[in-house]
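Chemist: Take a look at this one; I'll ask things after.
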Amino acid sequence: MTVTGVMDTPVELAVEVDGLSKTFPGQRALNDVSLDVRRGEIHALLGQNGSGKSTLIKILAGLYSPDPGCSISICGEVLPLGSPRDSHRLGLRFVHQALGIIEELTAVENIALGFGYRHRRVRLIDWRSQRVKTRELLAQLSLDFDIDCPVSELRAVDRTAIAMARALDEDGFPSRVLVLDEPTAALPPAEVDALFSLVRRAREGGTSVIYVSHRLDEIFALADRTTVLRDGFVQGTVPIEDIDRQSLVRMIVGEGHADAASTIDTRAQASSDDDVALKVTGLVGKVLAGVEFSVAKGEILGIAGLTGSGREEFAGCLVGQRPGGAVLEDAEGRLARDPTPRMAKDMGVVLVLPNRSQGAAAAEMTVRENLTLPHMRQYTNKGLIRKAKELRDTVSWIDALDIRPREPERAFALLSGGNQQKVVFGKWLNLSPRVLILDDPTSGVDVGARSVIYDLVRNQAARGMAVIVCSSDIDDLLAVCTRVIVLSEGSIVDELRDSAIDEVSVLMAMIGGNQQA
Amino acid sequence: MSNTDVAVSSLEVQPTSSALSDRRAALAALSFRRIGAVYVWLLIIVLFSFWSPDLFPKMATVRAIANDYSISGLAALAILLPMASGTFDVSIGGNMSLAGVTSAWLLVHTHLSIELVALLTVAVGVVIGLVNSLVVVTLRIPSLIGTLAIGGIADALSIAVSGNQTLSSPALAGPFSRRFAQINWDGFTIPVLFVLVVTAILGVILSQTSSGRYMYAVGFEPQVSRLAGIRVNAIRTAALVSSGAIAAFAGMVLAAHVASASPNGGDAYLLPAFAAVFLGATQFRAKRFNAVGTLIAVFMLGTGQYGLLLVGAPQWSPNIFQGVALIAAIGLTHLGGPGNATRRQVRSGRRTSRAAAA
C-alpha cells in the first residue's frame, strides 16, 4: 500500500511472530507461539475455546503484554509490544465480534466515529468531505448502499462491512493486516457469502487477513493457510489445499481426547424412548429453520452448536420467550401452536434461563417471592396469599436445593451466582413440570454449584421429567445428556446417543468436521 | 412438591431465643431506615409546636391537615398501582379536572341522583384508564409520554365541558357536597374515611393478593413475569384502570370539597402525588411502592406545608418545603438506608463467599 520500504524481504511477510508466550497467574495461555502471515493472504486462526486465539489477538492489538523474550514484526518493522497505538501505527486493524457500531447512526457517522469528524472553520463538521470519505472507503470493498440511513436498517453483513471499512481507513497510517474475530458468528447464514467477498476484496487491496473462526466450512472456502492452536501451543501451519477435514479436526481437538468418553458412566440411564414427553415441529427463530425433534420422559437431551447456529435461541423460541415459533405436542396429544410462555407453562413446559440473563429472576424481589412467582395460584385462597404455606414451601425448597444463606426474605440480588441459579431452578421445579428446558445452566456458576445442578438434572430425569439442555459448554452435555442434537445454521446436522457422545464427536459435528471434505 | 418432602422445614430452629428475636424484630420495625418519614414527621410536629405553640399543637390543626390532605392522599394512591407495576400515570391531573367538571355538569344539567352522578364520574375515569392502557400497553408508547398526552386531552375535554369557567351551583353545594365532602365525625370529614378505605384496599391488594405480587413483579422485571406466565398486559391495564377510577373519584371529591369545579382544578395534585408515592416507596420495604408509606408521606408533607402557612411563611414556601422534603427523605433513606445496606450486604456477602472458597 503506501509504505513500501520492506519490499525487498524475500518472502513477503506481513506478520512474523517468534517465540511468543503469555502467562496469566496460574495458567500459561500461549506457549512459544511462532506464526507468520504472508502479504495478501487470508490466514485462518483455528482452535477451541481456551486454545489461546483471543490472547494472541489481544497481544497483537497491544492490549496484553506478552512474556519477555519474543518478537513480533509487521512487514519487517518491529512491533513495540503492549501498545495499541503502535499496533495501529504499524498497520494492524481489528474487527471484533462486537462491531463497535452505533445502530442509530448512519454509515457516515459511524465511520466518522473511527477517525474523527472532518471539520471546517469554527468546529463545524464538514459533512460533504465526510460523505466523500465514506463513499471512498466503501468503494474499496465494492460496496454501495445508502450511507445516510441508520445502520440498524442495513443487513448484518453491511454493518460488518462498515466496521471493516472503518478499520481499513488509512488515516495517516497504512492498514496492512486486518484481524477478523469470528465475523460470521452474528451473521445469518444467507449473508456469509457476502462477507467472504468482502474479505477477498480486502485481500485484493493488498491487505493480509487473519481470520478467526470455529467453522471449518468457512476455512475451506476462504483461507489460504491456517494455523491451529491447542492449549496455547501451535499445532502447525498448513496450506488449506494440503489438508482434509479429518486431519484438521484432529489438529484442533487433539489425539489424546479421542478416548474422552470416560465420563459416560456418570450419566443418567437412557430411558425407554417410546414414552414421548414432547414432540416439537417447525421450530423457527432468527436462525432456526423448522427444526423437528421429540424428547422422551426421563431423557436428558442436549442441544449443541456454535454461536450463530441457532443454539442460543433454541430454548427461548421453544416457549415463546424469543421471537419465533413452534408447534408443541405433549404426551396426551394436546397441541400448542407458537406458544407464549404462559401456554407452554400450562403444558408443563418450562424454561430455566441462566441466572445472569435478563428474565431469569427478579433481582429486587426476595428468594421467597421468586420461588413462588410462577405458581401463585397454588398459594392463594380466594385471591389472598396463603403466606404460611408460601413460607413453608420456600423453606423446604431452600433446604432441598441447599440455597445459602437460608433466608427466605433475602433479596435475590444478594445471593451468589450459584445460589441464584438454584433459586431459578427451584422456582420452576416447584411447578413439577413435564419438560424442563435449561439454557446455558452453568454459565457464571462455580464448580460446586455446577455439580449440584448436574445432580438435580439427573434426579429430575430419573423421576420421569424430560430435560432439554442447551449449552455452549460441551462439558454440560457430556456430563448429563443421554442424547445430543447438534445444530448448524439453524438445522440439525447430527444426533449422537449414549456412548457415541464424546467431546470429539460433538465438536466435529459442531464445526462441520463430519461432512465430507 | 413431593421432591422437597425429604427436607425438614425448620423456621423455628433459629439461633436466637424467640423473645430476643421478637425484640429485635420490633426494633428493626421501628428503625429509621424503615420508617424514616415517620421520624421526620414527628420532628416537623415538634418543630412547629415550639415555633407556634398557640396555633399549631391543637386538635383543629390535626383536623385541618387530615381534611385538606385527604384529596392529595387519594391522588397519590391513584398512581400507586401503576407505579408498582412500573408504569407512570401522569394523566391523573387532567383526569381529576375532567371528573370534577363532569360531576358538576351532570348535577347542573341533569336530574340524575347523586349516586348515579358519582358512578358516571368514576366511569369516565375508568374510560381514561382504558385509553391510557390502549396507548401504553397496546401501542407500547412509553407511559410517561402516553399518559402525559392523555392527561392533556382530558384537560382539554374538561375545558370543553365547562366552557372554560369554574362551575358552581347550588346543586354542587347541596347534598352532593355534603355526601362526598362535608359529613363529618368530630370534625373529621368523610374524605378522611375515603382515603383510609382506599389505603386499606390498595394495601391489601399489594401485599396480600397474587395480583399485587404480580404488579411488583411486572414493575421490577416484565421479562421474568412474562416467562412466569403472568399476563403482563392485563396487570398493567388493571393498574391503569385503577388509577383512572381512583383519580376520577378524587376529582369528584375535590369538586364536592370546594363546591365548585374548575377546568384545571386537578393539575395542582399531580406533582404532590408523585412526591408522596416516591417518598412512600422509601418506607417499610425500600424501593417498593406501598399504600401505608404513601399515606404517611402525604400527611407528613401536609403537616409541614400547613405548619409553614400557620406560622406566616410566604405562600410559595410550602412548595419549596415539598421539594426539599422529598429529596431529603429519599436522600437520607438511601445514604444510611436500604440502598447502602444492600451494597454493604453484597460486599460482606462477597467476602464471605471468598472466604468460603479459600
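Going by the C-alpha cells order, chains are called A, B, ..., each with residues numbered from 1, while ligands are numbered from 1 in the order shown.
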List the spatial neighbours of Ala64 in chain B as a ChimeraX atom specification - criterion: any atom at most 10 Å away, only C-alpha atoms, same-chain residues fewer than 5 positions off excluded.
Modeler: /B:59,69-70,187-189,302-303,306
Chemist: Can I get the selected residues back with N, CA, C and O atoms, as a short mmCIF file (atom, residue, chain, number, x, y, z; two decimals), in the first residue's frame?
Modeler:
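Written output follows (again-v8.cif):
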data_model
loop_
_atom_site.label_atom_id
_atom_site.label_comp_id
_atom_site.auth_asym_id
_atom_site.auth_seq_id
_atom_site.Cartn_x
_atom_site.Cartn_y
_atom_site.Cartn_z
N MET B 59 -56.01 20.36 68.27
CA MET B 59 -56.82 19.37 67.55
C MET B 59 -57.29 19.96 66.21
O MET B 59 -57.41 19.24 65.21
N TYR B 69 -55.69 17.29 53.31
CA TYR B 69 -54.75 16.48 52.53
C TYR B 69 -55.32 15.11 52.16
O TYR B 69 -54.62 14.31 51.54
N SER B 70 -56.59 14.88 52.49
CA SER B 70 -57.18 13.60 52.09
C SER B 70 -57.28 13.50 50.58
O SER B 70 -57.08 12.43 50.00
N GLY B 187 -65.48 16.55 63.43
CA GLY B 187 -64.64 17.47 62.64
C GLY B 187 -63.83 16.79 61.56
O GLY B 187 -63.26 17.45 60.69
N PHE B 188 -63.74 15.47 61.59
CA PHE B 188 -63.03 14.75 60.53
C PHE B 188 -64.03 14.45 59.42
O PHE B 188 -65.00 13.72 59.63
N THR B 189 -63.79 15.03 58.25
CA THR B 189 -64.78 14.91 57.18
C THR B 189 -64.64 13.57 56.45
O THR B 189 -63.64 12.86 56.59
N GLY B 302 -48.04 17.20 54.22
CA GLY B 302 -49.15 18.09 54.55
C GLY B 302 -48.89 18.84 55.84
O GLY B 302 -49.12 20.06 55.94
N THR B 303 -48.38 18.14 56.86
CA THR B 303 -48.11 18.78 58.14
C THR B 303 -47.10 19.91 57.98
O THR B 303 -47.29 21.01 58.51
N TYR B 306 -48.73 22.84 56.01
CA TYR B 306 -49.73 23.52 56.82
C TYR B 306 -49.04 24.35 57.91
O TYR B 306 -49.40 25.51 58.15
#
Chemist: What's the 9 Å shell around Asp455 in chain A, counting only C-alpha atoms, without same-chain residues fewer than 5 positions away, as a PyMOL selection string?
Modeler: chain A and resi 450+460+480
Chemist: Mind checking which residues fall within 7 Å of range 172-179 of chain B, counting only C-alpha atoms, ignoring those fewer than 3 positions away in the same chain, and posting them as a list in words?
Modeler: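 Near range 172-179 of chain B, the qualifying residues are Ala104, Leu107, Ile114, Ser168, Ser169, Gln182, Ile183, Ala256, His257, Ala259 and Ser260 of chain B.
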Chemist: Quick one: of A:Arg458, A:Arg404, A:Arg342, A:Arg337, who's nearest to chain B, counting only C-alpha atoms?
Modeler: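 Smallest distance to chain B is found for A:Arg342.
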Chemist: With only C-alpha atoms as the counted atoms, please give the residues lying no more than 9 Å from Gly305 in chain A, apart from itself and same-chain residues fewer than 3 positions off, as a list of chain:residue names.
Modeler: A:Gly308, A:Ser309, A:Gly310, A:Arg311, A:Glu312, A:Cys470, A:Ser471, A:Ser472, A:Ile485, A:Val486, A:Leu487, A:Ser488, A:Glu489, A:Val506, A:Leu507, A:Ala509, A:Met510, A:Ile511
Chemist: Fewer than 6 positions away in the same chain doesn't count, so skip those; otherwise give me all residues within 12 Å of Arg230 in chain A, counting only C-alpha atoms, as a list in words.
Modeler: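 The residues that qualify are Arg28, Ala29, Leu30, Asn31, Val33, Leu45, Leu46, Gly47, Gln48, Asn49, Gly50, Ser51, Gly52, Lys53, Gly236, Leu248, Val249, Arg250, Met251, Ile252, Val253, Gly254, Glu255, Gly256 and His257 of chain A.
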Chemist: Keeping only C-alpha atoms, write the selected residues as an mmCIF file, in the first residue's frame.
Modeler:
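Full text of selection-v4.cif as output:
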data_model
loop_
_atom_site.group_PDB
_atom_site.id
_atom_site.type_symbol
_atom_site.label_atom_id
_atom_site.label_comp_id
_atom_site.auth_asym_id
_atom_site.auth_seq_id
_atom_site.Cartn_x
_atom_site.Cartn_y
_atom_site.Cartn_z
ATOM 1 C CA ARG A 28 0.005 -20.361 30.545
ATOM 2 C CA ALA A 29 -2.209 -19.118 27.746
ATOM 3 C CA LEU A 30 0.398 -19.134 24.974
ATOM 4 C CA ASN A 31 3.476 -21.301 24.768
ATOM 5 C CA VAL A 33 3.990 -19.497 19.632
ATOM 6 C CA LEU A 45 -6.545 -18.979 13.087
ATOM 7 C CA LEU A 46 -8.241 -22.084 14.449
ATOM 8 C CA GLY A 47 -8.672 -23.548 17.880
ATOM 9 C CA GLN A 48 -11.230 -24.397 20.507
ATOM 10 C CA ASN A 49 -12.336 -22.003 23.204
ATOM 11 C CA GLY A 50 -9.396 -21.512 25.528
ATOM 12 C CA SER A 51 -6.806 -22.516 22.952
ATOM 13 C CA GLY A 52 -5.181 -19.091 23.084
ATOM 14 C CA LYS A 53 -6.615 -17.446 19.976
ATOM 15 C CA GLY A 236 1.042 -26.416 12.912
ATOM 16 C CA LEU A 248 -7.749 -30.559 10.600
ATOM 17 C CA VAL A 249 -10.255 -31.614 13.248
ATOM 18 C CA ARG A 250 -7.665 -33.893 14.743
ATOM 19 C CA MET A 251 -5.261 -30.967 14.920
ATOM 20 C CA ILE A 252 -7.895 -28.834 16.638
ATOM 21 C CA VAL A 253 -9.200 -31.410 19.089
ATOM 22 C CA GLY A 254 -6.057 -33.419 19.616
ATOM 23 C CA GLU A 255 -5.496 -37.169 19.550
ATOM 24 C CA GLY A 256 -5.430 -37.523 23.300
ATOM 25 C CA HIS A 257 -9.041 -36.555 23.588
#
Chemist: What are the residues of chain A that have an atom within 6 Å of an atom of chain B, counting only C-alpha atoms, as number ranges by chain?
Modeler: A: 341-342, 359-362, 374, 383-385, 395-396, 399-400, 414
Chemist: Could you save those same residues with N, CA and C atoms as a PDB file, in the first residue's frame?
Modeler:
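Wrote it out as again07.pdb, contents follow:
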ATOM      1  N   PRO A 341     -45.090 -18.023  26.691  1.00  0.00           N
ATOM      2  CA  PRO A 341     -44.571 -18.709  27.882  1.00  0.00           C
ATOM      3  C   PRO A 341     -45.697 -19.251  28.759  1.00  0.00           C
ATOM      4  N   ARG A 342     -46.816 -18.524  28.789  1.00  0.00           N
ATOM      5  CA  ARG A 342     -47.940 -18.965  29.608  1.00  0.00           C
ATOM      6  C   ARG A 342     -48.532 -20.274  29.090  1.00  0.00           C
ATOM      7  N   GLY A 359     -34.426 -11.759  32.632  1.00  0.00           N
ATOM      8  CA  GLY A 359     -35.570 -12.644  32.537  1.00  0.00           C
ATOM      9  C   GLY A 359     -35.453 -13.874  33.403  1.00  0.00           C
ATOM     10  N   ALA A 360     -34.296 -14.067  34.040  1.00  0.00           N
ATOM     11  CA  ALA A 360     -34.134 -15.260  34.864  1.00  0.00           C
ATOM     12  C   ALA A 360     -34.890 -15.111  36.176  1.00  0.00           C
ATOM     13  N   ALA A 361     -34.721 -13.987  36.821  1.00  0.00           N
ATOM     14  CA  ALA A 361     -35.372 -13.786  38.113  1.00  0.00           C
ATOM     15  C   ALA A 361     -35.465 -12.304  38.387  1.00  0.00           C
ATOM     16  N   ALA A 362     -36.316 -11.951  39.359  1.00  0.00           N
ATOM     17  CA  ALA A 362     -36.469 -10.554  39.730  1.00  0.00           C
ATOM     18  C   ALA A 362     -35.471 -10.243  40.833  1.00  0.00           C
ATOM     19  N   PRO A 374     -44.081 -18.182  39.617  1.00  0.00           N
ATOM     20  CA  PRO A 374     -44.831 -18.789  38.502  1.00  0.00           C
ATOM     21  C   PRO A 374     -46.069 -19.580  38.937  1.00  0.00           C
ATOM     22  N   GLY A 383     -58.106 -15.442  46.358  1.00  0.00           N
ATOM     23  CA  GLY A 383     -57.375 -14.236  45.986  1.00  0.00           C
ATOM     24  C   GLY A 383     -56.323 -13.801  46.988  1.00  0.00           C
ATOM     25  N   LEU A 384     -56.450 -14.256  48.228  1.00  0.00           N
ATOM     26  CA  LEU A 384     -55.466 -13.846  49.229  1.00  0.00           C
ATOM     27  C   LEU A 384     -54.317 -14.844  49.285  1.00  0.00           C
ATOM     28  N   ILE A 385     -53.121 -14.309  49.472  1.00  0.00           N
ATOM     29  CA  ILE A 385     -51.955 -15.179  49.520  1.00  0.00           C
ATOM     30  C   ILE A 385     -51.927 -15.952  50.834  1.00  0.00           C
ATOM     31  N   VAL A 395     -39.069 -22.543  52.537  1.00  0.00           N
ATOM     32  CA  VAL A 395     -38.028 -23.089  53.397  1.00  0.00           C
ATOM     33  C   VAL A 395     -37.652 -24.494  52.953  1.00  0.00           C
ATOM     34  N   SER A 396     -38.650 -25.301  52.562  1.00  0.00           N
ATOM     35  CA  SER A 396     -38.280 -26.657  52.158  1.00  0.00           C
ATOM     36  C   SER A 396     -37.504 -26.644  50.844  1.00  0.00           C
ATOM     37  N   ASP A 399     -33.962 -25.734  51.658  1.00  0.00           N
ATOM     38  CA  ASP A 399     -33.238 -26.890  52.176  1.00  0.00           C
ATOM     39  C   ASP A 399     -32.948 -27.910  51.092  1.00  0.00           C
ATOM     40  N   ALA A 400     -33.959 -28.173  50.266  1.00  0.00           N
ATOM     41  CA  ALA A 400     -33.789 -29.200  49.246  1.00  0.00           C
ATOM     42  C   ALA A 400     -32.686 -28.827  48.267  1.00  0.00           C
ATOM     43  N   LEU A 414     -28.803 -10.394  46.302  1.00  0.00           N
ATOM     44  CA  LEU A 414     -27.728 -10.519  47.280  1.00  0.00           C
ATOM     45  C   LEU A 414     -27.163 -11.926  47.361  1.00  0.00           C
TER      46      LEU A 414
END
Chemist: Go ahead and compute the interatomic distance for CA of Met215 in chain B and CA of Ala84 in chain B, in Å to one decimal.
Modeler: 5.9 Å
Chemist: May I ask for the distance between CA of Lys22 in chain A and CA of Val199 in chain A, given in Å to one decimal place?
Modeler: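 Separation of CA of Lys22 in chain A and CA of Val199 in chain A: 29.2 Å.
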Chemist: From the options B:Met96, B:Pro57, B:Val62, B:Val38, which residue's atoms come nearest to Ile246 in chain B, counting only C-alpha atoms?
Modeler: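 So, comparing all the options, the nearest one is B:Met96.
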Chemist: So how many Å separate CA of Asp68 in chain B and CA of Ala29 in chain B, to one decimal?
Modeler: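 Here the two named atoms are 29.3 Å from each other.
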Chemist: Set the distance at 7 Å and use only C-alpha atoms: which residues neighbour His43 in chain A once local chain neighbours fewer than 4 positions away are removed? I'd like the list as a list in words.
Modeler: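 My list of contacting residues is Val37, Val209, Ile210, Tyr211, Ala223, Asp224, Arg225 and Thr226 of chain A.
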Chemist: May I have the selected residues written with all heavy atoms, as an mmCIF file, in the first residue's frame?
Modeler:
data_model
loop_
_atom_site.group_PDB
_atom_site.id
_atom_site.type_symbol
_atom_site.label_atom_id
_atom_site.label_comp_id
_atom_site.auth_asym_id
_atom_site.auth_seq_id
_atom_site.Cartn_x
_atom_site.Cartn_y
_atom_site.Cartn_z
ATOM 1 N N VAL A 37 2.349 -14.627 8.774
ATOM 2 C CA VAL A 37 1.253 -14.360 7.859
ATOM 3 C C VAL A 37 1.833 -13.645 6.657
ATOM 4 O O VAL A 37 2.524 -12.630 6.805
ATOM 5 C CB VAL A 37 0.178 -13.478 8.535
ATOM 6 C CG1 VAL A 37 -0.932 -13.152 7.553
ATOM 7 C CG2 VAL A 37 -0.370 -14.158 9.778
ATOM 8 N N VAL A 209 -5.140 -10.851 5.879
ATOM 9 C CA VAL A 209 -6.277 -11.033 6.775
ATOM 10 C C VAL A 209 -5.992 -12.193 7.715
ATOM 11 O O VAL A 209 -5.588 -13.269 7.282
ATOM 12 C CB VAL A 209 -7.568 -11.320 5.973
ATOM 13 C CG1 VAL A 209 -8.741 -11.559 6.920
ATOM 14 C CG2 VAL A 209 -7.865 -10.173 5.017
ATOM 15 N N ILE A 210 -6.159 -11.943 8.996
ATOM 16 C CA ILE A 210 -6.147 -13.040 9.967
ATOM 17 C C ILE A 210 -7.596 -13.294 10.325
ATOM 18 O O ILE A 210 -8.290 -12.406 10.817
ATOM 19 C CB ILE A 210 -5.323 -12.686 11.221
ATOM 20 C CG1 ILE A 210 -3.862 -12.460 10.839
ATOM 21 C CG2 ILE A 210 -5.437 -13.796 12.266
ATOM 22 C CD1 ILE A 210 -2.971 -12.086 12.001
ATOM 23 N N TYR A 211 -8.041 -14.507 10.029
ATOM 24 C CA TYR A 211 -9.468 -14.809 10.116
ATOM 25 C C TYR A 211 -9.686 -15.847 11.201
ATOM 26 O O TYR A 211 -9.213 -16.974 11.110
ATOM 27 C CB TYR A 211 -9.915 -15.348 8.757
ATOM 28 C CG TYR A 211 -11.399 -15.525 8.601
ATOM 29 C CD1 TYR A 211 -12.178 -14.517 8.049
ATOM 30 C CD2 TYR A 211 -12.019 -16.707 8.979
ATOM 31 C CE1 TYR A 211 -13.536 -14.678 7.883
ATOM 32 C CE2 TYR A 211 -13.376 -16.873 8.823
ATOM 33 C CZ TYR A 211 -14.132 -15.854 8.275
ATOM 34 O OH TYR A 211 -15.488 -16.015 8.114
ATOM 35 N N ALA A 223 -9.863 -19.519 3.330
ATOM 36 C CA ALA A 223 -8.489 -19.279 3.777
ATOM 37 C C ALA A 223 -7.454 -19.809 2.788
ATOM 38 O O ALA A 223 -7.718 -20.728 2.010
ATOM 39 C CB ALA A 223 -8.280 -19.918 5.145
ATOM 40 N N ASP A 224 -6.264 -19.189 2.811
ATOM 41 C CA ASP A 224 -5.131 -19.706 2.045
ATOM 42 C C ASP A 224 -4.341 -20.693 2.889
ATOM 43 O O ASP A 224 -3.985 -21.765 2.444
ATOM 44 C CB ASP A 224 -4.224 -18.555 1.614
ATOM 45 C CG ASP A 224 -4.971 -17.552 0.762
ATOM 46 O OD1 ASP A 224 -5.672 -17.991 -0.173
ATOM 47 O OD2 ASP A 224 -4.890 -16.342 1.053
ATOM 48 N N ARG A 225 -4.058 -20.273 4.121
ATOM 49 C CA ARG A 225 -3.358 -21.166 5.045
ATOM 50 C C ARG A 225 -4.048 -21.081 6.393
ATOM 51 O O ARG A 225 -4.798 -20.149 6.662
ATOM 52 C CB ARG A 225 -1.891 -20.738 5.205
ATOM 53 C CG ARG A 225 -1.066 -20.947 3.940
ATOM 54 C CD ARG A 225 0.401 -20.811 4.255
ATOM 55 N NE ARG A 225 0.693 -19.506 4.870
ATOM 56 C CZ ARG A 225 1.753 -19.281 5.650
ATOM 57 N NH1 ARG A 225 2.603 -20.249 5.924
ATOM 58 N NH2 ARG A 225 1.954 -18.085 6.161
ATOM 59 N N THR A 226 -3.747 -22.038 7.243
ATOM 60 C CA THR A 226 -4.328 -21.964 8.578
ATOM 61 C C THR A 226 -3.308 -22.371 9.628
ATOM 62 O O THR A 226 -2.459 -23.225 9.382
ATOM 63 C CB THR A 226 -5.582 -22.858 8.704
ATOM 64 O OG1 THR A 226 -6.072 -22.772 10.046
ATOM 65 C CG2 THR A 226 -5.283 -24.304 8.380
#
Chemist: So that I can see what lies close to range 136-139 of chain A, please list as a VMD selection string the residues with an atom at most 12 Å from it, counting only C-alpha atoms and leaving out residues fewer than 6 positions away in the same chain.
Modeler: chain A and resid 107 to 108 111 to 112 129 to 130 145 to 147 158 to 171 198 201 to 202 205
Chemist: Which of these, A:Val276, A:Ile59, A:Val151, A:Leu283, has the shortest distance to Thr23 in chain A once you count only C-alpha atoms?
Modeler: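 Looking only at the distances to Thr23 in chain A, the closest residue turns out to be A:Ile59.
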Chemist: Would you mind telling me which residue in A:Val179, A:Cys75, A:Leu35, A:Val157 lies nearest to His96 in chain A when using only C-alpha atoms?
Modeler: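 Of A:Val179, A:Cys75, A:Leu35, A:Val157, the one nearest His96 in chain A is A:Val179, counting only C-alpha atoms.
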Chemist: Could you pull out the residues in range 415-464 of chain A that DSSP calls alpha helix (DSSP H) from the backbone, as a list in words?
Modeler: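 Put together, the selection reads Gly417, Gly418, Asn419, Gln420, Gln421, Lys422, Val423, Val424, Phe425, Gly426, Lys427, Trp428, Leu429, Val447, Gly448, Ala449, Arg450, Ser451, Val452, Ile453, Tyr454, Asp455, Leu456, Val457, Arg458, Asn459, Gln460, Ala461 and Ala462 of chain A.
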Chemist: As a VMD selection string, please: every residue in range 33-273 of chain A that a backbone DSSP assignment puts in strand (DSSP E).
Modeler: chain A and resid 33 to 38 42 to 46 71 to 74 77 to 78 92 to 95 177 to 181 208 to 212 225 to 230 233 to 239
